Number of protein chains: 4
Amino acid sequence: MSESINSHPDCSRSVQNGMKMWGGRFAAGPSSSMDALNKSISFDQRLWQVDIDGSVAYAKETDEDIHTANERRLTEIIGPVGGKLHTGRSRNDQVATDLRMWLKDEIVIIEGLLVKILDVLCNRAETELDIVMPGYTHLQRAQPVRWSHFLMSYAVSFKSDYVRLNSLLPEIDELPLGSGAVAGNPLGINREYLASLLAFSNVALNSMHAVSDRDFVAQFLQWAALTGIHLSRLSEDLIIYSTKEFRFITMSDQYSSGSSLMPQKKNPDVLELLRGKAGRLIGNHTGFMCTLKGLPSTYSKDLQEDKEPLFDSVDQIKIMLDAAHGVLATLTINANACRSALSFDMLATDVAYYLVRKGVPFREAHHIVGKLVVLAEGKQCHLKDIALKDLQSIDHRFADDYAQIWDFEKSMEQYSATGSTAHAAVWQQIATIREFIMNTKERFTIEQ
Amino acid sequence: MSESINSHPDCSRSVQNGMKMWGGRFAAGPSSSMDALNKSISFDQRLWQVDIDGSVAYAKETDEDIHTANERRLTEIIGPVGGKLHTGRSRNDQVATDLRMWLKDEIVIIEGLLVKILDVLCNRAETELDIVMPGYTHLQRAQPVRWSHFLMSYAVSFKSDYVRLNSLLPEIDELPLGSGAVAGNPLGINREYLASLLAFSNVALNSMHAVSDRDFVAQFLQWAALTGIHLSRLSEDLIIYSTKEFRFITMSDQYSSGSSLMPQKKNPDVLELLRGKAGRLIGNHTGFMCTLKGLPSTYSKDLQEDKEPLFDSVDQIKIMLDAAHGVLATLTINANACRSALSFDMLATDVAYYLVRKGVPFREAHHIVGKLVVLAEGKQCHLKDIALKDLQSIDHRFADDYAQIWDFEKSMEQYSATGSTAHAAVWQQIATIREFIMNTKERFTIEQ
Amino acid sequence: MSESINSHPDCSRSVQNGMKMWGGRFAAGPSSSMDALNKSISFDQRLWQVDIDGSVAYAKETDEDIHTANERRLTEIIGPVGGKLHTGRSRNDQVATDLRMWLKDEIVIIEGLLVKILDVLCNRAETELDIVMPGYTHLQRAQPVRWSHFLMSYAVSFKSDYVRLNSLLPEIDELPLGSGAVAGNPLGINREYLASLLAFSNVALNSMHAVSDRDFVAQFLQWAALTGIHLSRLSEDLIIYSTKEFRFITMSDQYSSGSSLMPQKKNPDVLELLRGKAGRLIGNHTGFMCTLKGLPSTYSKDLQEDKEPLFDSVDQIKIMLDAAHGVLATLTINANACRSALSFDMLATDVAYYLVRKGVPFREAHHIVGKLVVLAEGKQCHLKDIALKDLQSIDHRFADDYAQIWDFEKSMEQYSATGSTAHAAVWQQIATIREFIMNTKERFTIEQ
Amino acid sequence: MSESINSHPDCSRSVQNGMKMWGGRFAAGPSSSMDALNKSISFDQRLWQVDIDGSVAYAKETDEDIHTANERRLTEIIGPVGGKLHTGRSRNDQVATDLRMWLKDEIVIIEGLLVKILDVLCNRAETELDIVMPGYTHLQRAQPVRWSHFLMSYAVSFKSDYVRLNSLLPEIDELPLGSGAVAGNPLGINREYLASLLAFSNVALNSMHAVSDRDFVAQFLQWAALTGIHLSRLSEDLIIYSTKEFRFITMSDQYSSGSSLMPQKKNPDVLELLRGKAGRLIGNHTGFMCTLKGLPSTYSKDLQEDKEPLFDSVDQIKIMLDAAHGVLATLTINANACRSALSFDMLATDVAYYLVRKGVPFREAHHIVGKLVVLAEGKQCHLKDIALKDLQSIDHRFADDYAQIWDFEKSMEQYSATGSTAHAAVWQQIATIREFIMNTKERFTIEQ
């Protein structure tokens, strides 16, 4: 009984009992090249379940209106439900409804994947809080930071991804059904009741808008692209950290690949795919935005091009988040290599602060330290090892306490403001993310 | 005293008193080709005011920490504020702060422009509620609708644009200042207090994240692109409606252009620019997403490429919304031309409903009407004018009451469900948008 | 025996006789989430045939080098060819070779489809050369033109698409095989001979470049996107021309769809899909460009993301060109409706020329005609019907011969410069395209 | 005399002697918001010179046609040339001509910049041919290669950029002038002669196509984006190579920046800008493709959006190429650091070849070496240092000659096929690029 929706809105060529839905006025059937264009991928099987759910609710709603007249005949010919389904309903509002229902379900799954990543980041950050590494800017060593501080920087991104995704729901959660093809519904249906049957919070406000509104698709595609960018940046970091030159991390064999030619190779393919797929997600968004641009209002068939990018971005981001979780859960952090990469010139800013505390304005202090850096390079020694007399030849305010600067842990503990790298400050970040996770889990529990 | 920020984060070459900020360790100055690359457009003047505000707040905050030691010297050399500004502050957190402050202000302006458009749409929709036009799908005449129903379909888009824009604020409203270059702030500043001084609601949670987070820029760019798409679709409709073939609307001379060659021409250039610029806005977003993709974490100079697309998209969308408002406020709707475009075959669905009321399942009814359409084409008459005997030759259930179908107003009044085109249903839409406008205005009043 | 290439370059996990290609050094197998990421779509079956061809040629080439030592053992264990295939060959150069071979074949097919479109355009243009329609700018009626002139304007686009596609071949036609993983080939193979075996014109110049060069993919994707834009513009025109308001063309039933709700509807879905899919093609290109941006040199796994956009763009453009051909071959042009849409104000420029011939500078003439347009609007008459005294009240140089202006055919015949709309000028365009088709067909004949 | 072109095609509001070009029929002037939309950036000053050149040629051409009648009056009122310029010419064909003339000139400049980069790459590659470094795949050390081999891999990209750019010329080199607004030129002008006056090789074939064809803009924008990608990949390599962990290269102070906060920092800002700007160039292309998509044929005002992306991409790519040249000319390669990064496991493939020469099929050899890698890791020794008895415990075919494998130079010399890393093979690549440069310079000499 259920009609295929595979060439849907407003143009189905599906056949029931040998009768085309809109065949009455057409002299010739569709050409094969048109069929190819219209059905290049069979994507509608995805929407099968939500389509049935929507149809059942609509049939229930319209039951009273046409019950008396139709009952006998409907029962005789096509059974108790089928024939009523197109009374006042168009593929335009039907497919828009299906897509929203489907996406709402997928979002719950994706949110769960984000929580798993947040969880593994918090666990690692807690356990590995004492591991120190160089903090980089411009990929140059800048200041010592905690490895957990680095992990938390990505936790903030994924938390934000969760929040952004959740904030898409109110817009998705508006019911188009009852908008018909364009003018609305002439059967006096109660769309608010229909919304409650299908677990929508609101009904779409205007039928002409509702049948062609795909903003929620565009926004989801952008969400996926931006989340993909976060994964691409994480991957870039981890690819660099797993080079032989950095050696900060070792990827698990489970998430590495070898080379068909070079037996010694162990390649971070999974990270490269995460990085590369960010491009694809950007492409899905951009392409669909182009499709929307300049369309006349209400439904045009161009909108059928919403499905493939949406399905692909949903699929890809789920696979990507799952793989990212696996990588983060299984990689080894090499504390010694991280530590060895700290060099004393990374405390150059601390030398400047040392001078500031002696009354030197920061600008001047910065300039003096620049001269020390040059001096140290000339003498091929560390900043730390410049002799006091050489220090004083540059500025007379250097003194014996200069030696107390050179302690990475002590240096880090200065950075105690909210969000900084001191032990307590990072701990606070972990606690905040943990609390966030807890709240999302409560939400899930309530929902289920 | 104020230092130029035009080559900002972490790399200024600005000079004060002949002393480069980071010149101490460099043997050679920048090449002219590097300068050209770095300063291709002088975009920082835009941020001048917010940069000063941020600096004043930061100076106030750090005052206590370094006051005692520095006071005398600071006063002597650079005055009471200047020298402290770089103690613990980096261009990385400074520029990120500036950009957020600037954008928050712009968003208020843009929201005001959206409200103006909603206002003019409601006014016209109210006044012109009785004008009837063809509702199109696939650009083919589908069913009669009210012109006001059409106007409200765009009001729903612009309302949604307002809501989406407003929902960006919480993410923008997080203070990066105090994140330093990467590791945070070592001076024990109270970032929550700093946030309150600068009217931020929250402080950024992690310093490594805060210095390179540009998600808010990407999201604003996407917002502008999607809003641009709405304007492009409206423009497409109006361009088509203002052709000589449709004649539904006449553009005001104020928003039209002539031809240098053809004296009779009156061109809707402004609408074409609105449509064309949607592409540019999509490009700004896409380009910046590409720039972000695959960057290592924390600050890299690539992020300087955030400003030109952001400034351009802000400028363009403001100009576009203002022009769209002007067009909507001044165009003339030609009620007669709209009415004349209604043809009786647009009530074909009503014929199907006629049969449904007589107990015919909708599918079968649809098929019967398809046959009528072919019959009418064969006889070169309207559906309305098929003789009863011919009707009955196709289906015996046709009767004299067939003649009562052919009334456009009566037909429209059937569409009474929420969001439909019946008089009361459109009125309800206008009331909803009016209430929305009222609430946004209250918000503005409270804020100011 | 043939090894699957489905997880190719440099990272296969394929197994032969229980022995992973690079399993020797790995303690753990791949996780399921990594497999999902790597194999989300099984796209390699597409390259099966070209992969075999490449392998056979490579085996032949390397035969001499390792023949003596290996022959007995190879024959015993894996047959006469298999074991040698990875000696000196990497998946990096292998897959790059496969993709180029595959695309070269596809391009020949696509060129054939372009020629078919050019052919149908020439045929129609020749037959329908006397049909006159309004030429539009800004979608406003501008000057009368021939329908064939309109058809030829798209022929020029598709001719250009053919030329651009053909010009991609030299870049695709460079053989990467023999570049190994990165350093080249250590077996002394003759890559020029290998190129001749595989019908490549050149060998790639540098092995580090060759294994990661995907410029040819990016360029093809852009080609497809730009060709898609041409199809989208043609579709936009035809969608508008097939509205009830224009009625210039009637789409064949074979390329139209009906509505599930509205029995009278006949929708140009195929044209809308052509227009909408242009967005998807732009997205494929943009996404892949993002993937390429910022990659380290030589092969990274990100490059595996080349295949899905390439395969999709090839598939889509083939389907699109075929459908566009069908539409153009079967639509009906309504000569009367086109003619009726000509209005005399479209000859306003001719009035200006009339004045120019009497010695009025064009600027002034243009301005005078502007006044006539206003006058005619005021009198609600055509420009043509303004009384001589009224004409002369505006400019004394108007005379009796004013009446001779108002002949559309005569007007068109003035436009006789190359590329213009006069009969002979359009005829010349058709002849030029015909000659172009002839030359491409010769090329095909010679090739086959 | 020259009329501003700043609001050009078909819609100028420029005024001469108080007379608007198309003001005759308009009751109201343009609104300020429309002006803002239309003139947001004054970009037309760029085209001033080519516009004059085009006008002079057109005036010369039309001279004979209208000379007799107009001469006296023209001379009296507006001088000998002015008034004729709009006779038969539209802004549509005028601006399209200007843009092509301008771009042809810019391309010559850009080609010169590409040659400069090729030149510096050849010079360095020649001088530094004996410097050996790790060749990476997946950013993991793969096989030893020459630094010059690496440099040449980018030379191949830039050579290809030159060739691709040059191949755009035939399409740009078609003259639109004489196409009028849409229908062509009614004055019998000889467009072939006009083309020769303006140094165009061909005339555009169809006037309706010529006034709205912007394929050449789209193609140039894609060219710039792809060239930008090459620069972004080079930058990524050099950023990584200039980290403290790699230390392969040292950037010149001229192309480095410092930090306002951290005195020890030396940042590769210029490389990061090159990488970041690739995103912007992609955005310029994508945005303009979106603008083109779905436009009706002939001229619409949307096309005015061609200028800003084109001018920006031309400006950016020139600055970028110049900066890239500077970086390449001034960086220091640290031969010792490169050498030190070679590890003996990079010769693992050579061990496999060692076994192949003893009759082991490559697959099996690869697997055996995998076991050696694990063994060496277990013993914490290099592959090279595994004792013979341990080797033989894994495979009996290992023998004393195993020690001869471990020579990087000898290993590289095996890679002697075209495009490989052996001394002679790299030398050949340099020679090929040098010959290419020579040919382009001859072309320049002939042209000038």
# chains A, B, ... in the order shown; residues from 1 in each chain; ligands from 1
$ closest_atom_pairs --of "chain B" --to "chain C" --cutoff "8 Å" --atoms "only C-alpha atoms" --output "CSV"
residue,atom,partner,partner_atom,distance
B:His138,CA,C:Asn267,CA,6.0
B:Leu139,CA,C:Thr243,CA,6.5
B:Gln140,CA,C:Thr243,CA,5.8
B:Arg141,CA,C:Lys244,CA,7.3
B:Ala142,CA,C:Lys265,CA,6.9
B:Ile239,CA,C:Leu139,CA,7.4
B:Ile240,CA,C:Leu139,CA,7.5
B:Thr243,CA,C:Gln140,CA,5.8
B:Lys244,CA,C:Gln140,CA,6.8
B:Glu245,CA,C:Glu245,CA,5.6
B:Phe246,CA,C:Glu245,CA,6.0
B:Ser260,CA,C:His366,CA,7.8
B:Leu261,CA,C:Thr349,CA,6.6
B:Met262,CA,C:Thr349,CA,5.1
B:Pro263,CA,C:Gly370,CA,5.1
B:Gln264,CA,C:Ala348,CA,6.0
B:Lys265,CA,C:Ala142,CA,6.9
B:Lys266,CA,C:Gln140,CA,7.6
B:Asn267,CA,C:His138,CA,6.0
B:Pro268,CA,C:His138,CA,7.0
B:Asp269,CA,C:His138,CA,7.4
B:Glu272,CA,C:His138,CA,7.8
B:Cys290,CA,C:Cys290,CA,5.4
B:Lys293,CA,C:Cys290,CA,7.5
B:Gly294,CA,C:Gly294,CA,7.1
B:Ala341,CA,C:Glu245,CA,7.9
B:Asp345,CA,C:Gln264,CA,6.1
B:Met346,CA,C:Gln264,CA,7.0
B:Ala348,CA,C:Gln264,CA,6.0
B:Thr349,CA,C:Met262,CA,5.1
B:His366,CA,C:Pro263,CA,5.8
B:His367,CA,C:Pro263,CA,7.3
B:Val369,CA,C:Pro263,CA,5.9
B:Gly370,CA,C:Pro263,CA,5.1
B:Val373,CA,C:Gln264,CA,6.2
$ residues_around --residues "Leu151 (chain B)" --least-positions-apart "4" --cutoff "12 Å" --atoms "only C-alpha atoms" --output "mmCIF file with C-alpha atoms, in the first residue's frame"
data_model
loop_
_atom_site.group_PDB
_atom_site.id
_atom_site.type_symbol
_atom_site.label_atom_id
_atom_site.label_comp_id
_atom_site.auth_asym_id
_atom_site.auth_seq_id
_atom_site.Cartn_x
_atom_site.Cartn_y
_atom_site.Cartn_z
ATOM 1 C CA ASN A 206 3.171 29.866 6.543
ATOM 2 C CA SER A 207 2.427 27.167 3.991
ATOM 3 C CA MET A 208 4.212 28.845 1.053
ATOM 4 C CA HIS A 209 7.325 29.097 3.183
ATOM 5 C CA SER A 297 9.681 30.816 -3.828
ATOM 6 C CA ILE B 117 11.689 44.738 6.736
ATOM 7 C CA LEU B 118 9.289 42.745 8.899
ATOM 8 C CA ASP B 119 7.445 45.946 9.601
ATOM 9 C CA VAL B 120 6.954 46.915 5.975
ATOM 10 C CA LEU B 121 5.875 43.366 5.119
ATOM 11 C CA CYS B 122 3.235 43.401 7.842
ATOM 12 C CA ASN B 123 1.974 46.815 6.799
ATOM 13 C CA ARG B 124 1.576 45.827 3.171
ATOM 14 C CA ALA B 125 0.125 42.426 4.033
ATOM 15 C CA GLU B 126 -2.508 44.051 6.194
ATOM 16 C CA THR B 127 -3.488 46.700 3.654
ATOM 17 C CA GLU B 128 -3.390 44.425 0.632
ATOM 18 C CA LEU B 129 -4.985 41.349 2.151
ATOM 19 C CA ILE B 131 -5.357 40.959 -3.486
ATOM 20 C CA VAL B 132 -5.376 37.494 -5.015
ATOM 21 C CA MET B 133 -2.649 36.045 -7.217
ATOM 22 C CA GLY B 135 0.457 30.635 -6.055
ATOM 23 C CA VAL B 145 -3.321 32.558 -2.869
ATOM 24 C CA ARG B 146 -3.376 35.959 -1.266
ATOM 25 C CA TRP B 147 -0.577 38.392 -2.129
ATOM 26 C CA ALA B 155 8.388 37.518 6.703
ATOM 27 C CA VAL B 156 8.826 34.039 8.152
ATOM 28 C CA SER B 157 12.287 33.842 6.557
ATOM 29 C CA PHE B 158 13.369 37.208 7.925
ATOM 30 C CA LEU B 234 12.736 37.251 -2.983
ATOM 31 C CA ASP B 237 10.355 36.305 -7.529
ATOM 32 C CA LEU B 238 10.142 40.068 -7.905
ATOM 33 C CA LEU B 328 9.418 46.487 -0.598
ATOM 34 C CA ALA B 329 8.288 49.847 0.711
ATOM 35 C CA ILE B 333 1.309 45.740 -6.692
ATOM 36 C CA THR B 421 -4.250 31.199 2.644
ATOM 37 C CA VAL B 426 -3.199 35.007 6.863
ATOM 38 C CA TRP B 427 -4.426 37.552 9.366
ATOM 39 C CA GLN B 429 0.234 35.133 10.491
ATOM 40 C CA ILE B 430 0.430 38.908 10.387
ATOM 41 C CA ILE B 433 4.855 38.562 13.173
#
$ select_by_dssp --residues "region 117-361 of chain A" --states "helix (DSSP H, G or I)" --output "mmCIF file with C-alpha atoms, in the first residue's frame"
data_model
loop_
_atom_site.group_PDB
_atom_site.id
_atom_site.type_symbol
_atom_site.label_atom_id
_atom_site.label_comp_id
_atom_site.auth_asym_id
_atom_site.auth_seq_id
_atom_site.Cartn_x
_atom_site.Cartn_y
_atom_site.Cartn_z
ATOM 1 C CA ILE A 117 34.592 12.385 22.928
ATOM 2 C CA LEU A 118 34.174 14.891 25.752
ATOM 3 C CA ASP A 119 34.269 12.007 28.170
ATOM 4 C CA VAL A 120 37.512 10.539 26.889
ATOM 5 C CA LEU A 121 39.114 13.984 26.828
ATOM 6 C CA CYS A 122 38.181 14.592 30.464
ATOM 7 C CA ASN A 123 39.410 11.174 31.520
ATOM 8 C CA ARG A 124 42.772 11.642 29.864
ATOM 9 C CA ALA A 125 43.099 15.234 31.030
ATOM 10 C CA GLU A 126 42.510 14.176 34.608
ATOM 11 C CA THR A 127 44.927 11.261 34.552
ATOM 12 C CA TRP A 147 49.053 18.317 27.885
ATOM 13 C CA SER A 148 45.678 18.400 29.623
ATOM 14 C CA HIS A 149 45.370 22.068 28.802
ATOM 15 C CA PHE A 150 45.825 21.117 25.155
ATOM 16 C CA LEU A 151 43.200 18.352 25.453
ATOM 17 C CA MET A 152 40.763 20.726 27.101
ATOM 18 C CA SER A 153 41.198 23.242 24.288
ATOM 19 C CA TYR A 154 39.546 20.689 21.993
ATOM 20 C CA ALA A 155 36.970 19.761 24.621
ATOM 21 C CA VAL A 156 35.809 23.380 24.454
ATOM 22 C CA SER A 157 35.372 23.034 20.688
ATOM 23 C CA PHE A 158 33.360 19.832 20.965
ATOM 24 C CA LYS A 159 31.251 21.230 23.795
ATOM 25 C CA SER A 160 30.499 24.175 21.560
ATOM 26 C CA ASP A 161 29.630 21.774 18.721
ATOM 27 C CA TYR A 162 27.148 20.064 21.027
ATOM 28 C CA VAL A 163 25.568 23.363 22.015
ATOM 29 C CA ARG A 164 25.370 24.573 18.437
ATOM 30 C CA LEU A 165 23.829 21.320 17.272
ATOM 31 C CA ASN A 166 21.252 21.423 20.008
ATOM 32 C CA SER A 167 20.377 24.977 19.123
ATOM 33 C CA LEU A 169 16.508 21.800 17.062
ATOM 34 C CA PRO A 170 13.904 24.563 17.531
ATOM 35 C CA GLU A 171 14.116 25.396 13.841
ATOM 36 C CA ILE A 172 13.923 21.741 12.748
ATOM 37 C CA ARG A 191 -2.143 21.040 12.703
ATOM 38 C CA GLU A 192 -1.300 21.564 16.363
ATOM 39 C CA TYR A 193 -2.759 18.158 17.154
ATOM 40 C CA LEU A 194 -0.939 16.642 14.186
ATOM 41 C CA ALA A 195 2.272 18.167 15.552
ATOM 42 C CA SER A 196 1.699 16.561 18.929
ATOM 43 C CA LEU A 197 1.119 13.169 17.289
ATOM 44 C CA SER A 207 2.427 27.167 3.991
ATOM 45 C CA MET A 208 4.212 28.845 1.053
ATOM 46 C CA HIS A 209 7.325 29.097 3.183
ATOM 47 C CA ALA A 210 7.022 25.663 4.729
ATOM 48 C CA ASP A 215 17.306 26.434 6.043
ATOM 49 C CA PHE A 216 17.539 23.649 8.579
ATOM 50 C CA VAL A 217 19.382 21.490 6.044
ATOM 51 C CA ALA A 218 21.804 24.304 5.208
ATOM 52 C CA GLN A 219 22.413 24.943 8.883
ATOM 53 C CA PHE A 220 23.028 21.311 9.668
ATOM 54 C CA LEU A 221 25.470 21.074 6.758
ATOM 55 C CA GLN A 222 27.327 24.085 8.096
ATOM 56 C CA TRP A 223 27.310 22.579 11.561
ATOM 57 C CA ALA A 224 28.873 19.409 10.201
ATOM 58 C CA ALA A 225 31.457 21.381 8.225
ATOM 59 C CA LEU A 226 32.519 23.429 11.236
ATOM 60 C CA THR A 227 32.674 20.351 13.449
ATOM 61 C CA GLY A 228 34.699 18.728 10.678
ATOM 62 C CA ILE A 229 37.071 21.690 10.809
ATOM 63 C CA HIS A 230 37.584 21.099 14.519
ATOM 64 C CA LEU A 231 38.414 17.479 13.781
ATOM 65 C CA SER A 232 40.745 18.575 10.979
ATOM 66 C CA ARG A 233 42.651 20.876 13.327
ATOM 67 C CA LEU A 234 42.929 18.190 15.984
ATOM 68 C CA SER A 235 44.158 15.824 13.292
ATOM 69 C CA GLU A 236 46.718 18.301 12.039
ATOM 70 C CA ASP A 237 48.108 18.635 15.556
ATOM 71 C CA LEU A 238 48.211 14.900 16.123
ATOM 72 C CA ILE A 239 49.760 14.192 12.715
ATOM 73 C CA ILE A 240 52.547 16.626 13.544
ATOM 74 C CA TYR A 241 52.891 15.314 17.104
ATOM 75 C CA ASP A 253 48.178 0.152 15.788
ATOM 76 C CA GLN A 254 44.405 -0.091 15.586
ATOM 77 C CA TYR A 255 44.306 3.393 14.115
ATOM 78 C CA ASP A 269 45.833 7.517 7.810
ATOM 79 C CA VAL A 270 42.845 7.866 10.039
ATOM 80 C CA LEU A 271 43.886 11.390 11.023
ATOM 81 C CA GLU A 272 44.521 12.311 7.420
ATOM 82 C CA LEU A 273 41.067 11.110 6.457
ATOM 83 C CA LEU A 274 39.541 13.181 9.248
ATOM 84 C CA ARG A 275 41.442 16.187 7.945
ATOM 85 C CA GLY A 276 40.576 15.503 4.323
ATOM 86 C CA LYS A 277 36.897 14.867 4.938
ATOM 87 C CA ALA A 278 36.509 18.337 6.432
ATOM 88 C CA GLY A 279 36.858 19.548 2.838
ATOM 89 C CA ARG A 280 34.077 17.276 1.692
ATOM 90 C CA LEU A 281 31.775 18.546 4.431
ATOM 91 C CA ILE A 282 32.506 22.139 3.405
ATOM 92 C CA GLY A 283 31.699 21.131 -0.174
ATOM 93 C CA ASN A 284 28.372 19.602 0.816
ATOM 94 C CA HIS A 285 27.370 22.839 2.493
ATOM 95 C CA THR A 286 28.597 25.136 -0.249
ATOM 96 C CA GLY A 287 26.996 23.099 -2.991
ATOM 97 C CA PHE A 288 23.618 23.116 -1.313
ATOM 98 C CA MET A 289 23.782 26.848 -0.601
ATOM 99 C CA CYS A 290 24.404 27.346 -4.341
ATOM 100 C CA THR A 291 21.407 25.186 -5.103
ATOM 101 C CA LEU A 292 19.186 27.329 -2.870
ATOM 102 C CA LYS A 301 12.454 20.354 -7.914
ATOM 103 C CA ASP A 302 15.926 21.771 -7.292
ATOM 104 C CA LEU A 303 15.190 21.124 -3.639
ATOM 105 C CA GLN A 304 15.431 17.386 -4.191
ATOM 106 C CA GLU A 305 19.174 18.011 -4.155
ATOM 107 C CA ASP A 306 18.939 18.460 -0.387
ATOM 108 C CA LYS A 307 19.046 14.769 0.389
ATOM 109 C CA GLU A 308 22.362 13.512 -0.854
ATOM 110 C CA PRO A 309 24.493 16.174 0.844
ATOM 111 C CA LEU A 310 22.461 15.857 4.051
ATOM 112 C CA PHE A 311 22.693 12.078 4.163
ATOM 113 C CA ASP A 312 26.366 12.177 3.304
ATOM 114 C CA SER A 313 27.227 14.785 5.920
ATOM 115 C CA VAL A 314 25.279 12.891 8.588
ATOM 116 C CA ASP A 315 27.025 9.645 7.662
ATOM 117 C CA GLN A 316 30.458 11.182 7.441
ATOM 118 C CA ILE A 317 30.298 13.134 10.673
ATOM 119 C CA LYS A 318 29.118 10.078 12.588
ATOM 120 C CA ILE A 319 31.951 7.979 11.213
ATOM 121 C CA MET A 320 34.409 10.788 11.857
ATOM 122 C CA LEU A 321 33.374 11.389 15.453
ATOM 123 C CA ASP A 322 33.507 7.684 16.162
ATOM 124 C CA ALA A 323 36.982 7.381 14.671
ATOM 125 C CA ALA A 324 38.200 10.489 16.503
ATOM 126 C CA HIS A 325 36.949 9.011 19.738
ATOM 127 C CA GLY A 326 38.843 5.812 19.011
ATOM 128 C CA VAL A 327 42.057 7.663 18.261
ATOM 129 C CA LEU A 328 41.836 9.752 21.423
ATOM 130 C CA ALA A 329 41.026 6.745 23.545
ATOM 131 C CA THR A 330 43.930 4.669 22.297
ATOM 132 C CA ALA A 335 55.647 12.326 28.506
ATOM 133 C CA ASN A 336 59.411 12.239 28.189
ATOM 134 C CA ALA A 337 59.462 13.415 24.608
ATOM 135 C CA CYS A 338 57.092 16.243 25.478
ATOM 136 C CA ARG A 339 59.281 17.258 28.393
ATOM 137 C CA SER A 340 62.460 17.096 26.308
ATOM 138 C CA PHE A 344 64.690 27.405 28.327
ATOM 139 C CA ASP A 345 64.145 30.116 25.758
ATOM 140 C CA MET A 346 60.431 29.360 26.215
ATOM 141 C CA LEU A 347 60.761 31.170 29.533
ATOM 142 C CA ALA A 348 61.945 34.344 27.821
ATOM 143 C CA THR A 349 58.642 35.997 28.702
ATOM 144 C CA ASP A 350 59.350 35.138 32.326
ATOM 145 C CA VAL A 351 62.618 37.022 32.042
ATOM 146 C CA ALA A 352 60.632 39.993 30.860
ATOM 147 C CA TYR A 353 58.271 39.638 33.842
ATOM 148 C CA TYR A 354 61.363 39.399 36.089
ATOM 149 C CA LEU A 355 62.381 42.818 34.800
ATOM 150 C CA VAL A 356 58.843 44.176 35.059
ATOM 151 C CA ARG A 357 58.842 43.240 38.715
#
$ atom_distance --atom1 "CA of Gly188 (chain C)" --atom2 "CA of Gln428 (chain D)"
15.5 Å
$ select_by_dssp --residues "region 218-440 of chain D" --states "strand (DSSP E)" --output "list of chain:residue names"
D:Ile249, D:Thr250, D:Thr332, D:Ile333
$ atom_distance --atom1 "CA of Ile249 (chain C)" --atom2 "CA of Asp213 (chain D)"
24.0 Å
$ residues_around --residues "Tyr402 (chain C)" --least-positions-apart "2" --cutoff "10 Å" --atoms "only C-alpha atoms" --output "JSON, numbers by chain"
{"C": [351, 354, 355, 384, 386, 388, 391, 398, 399, 400, 404, 405, 406]}
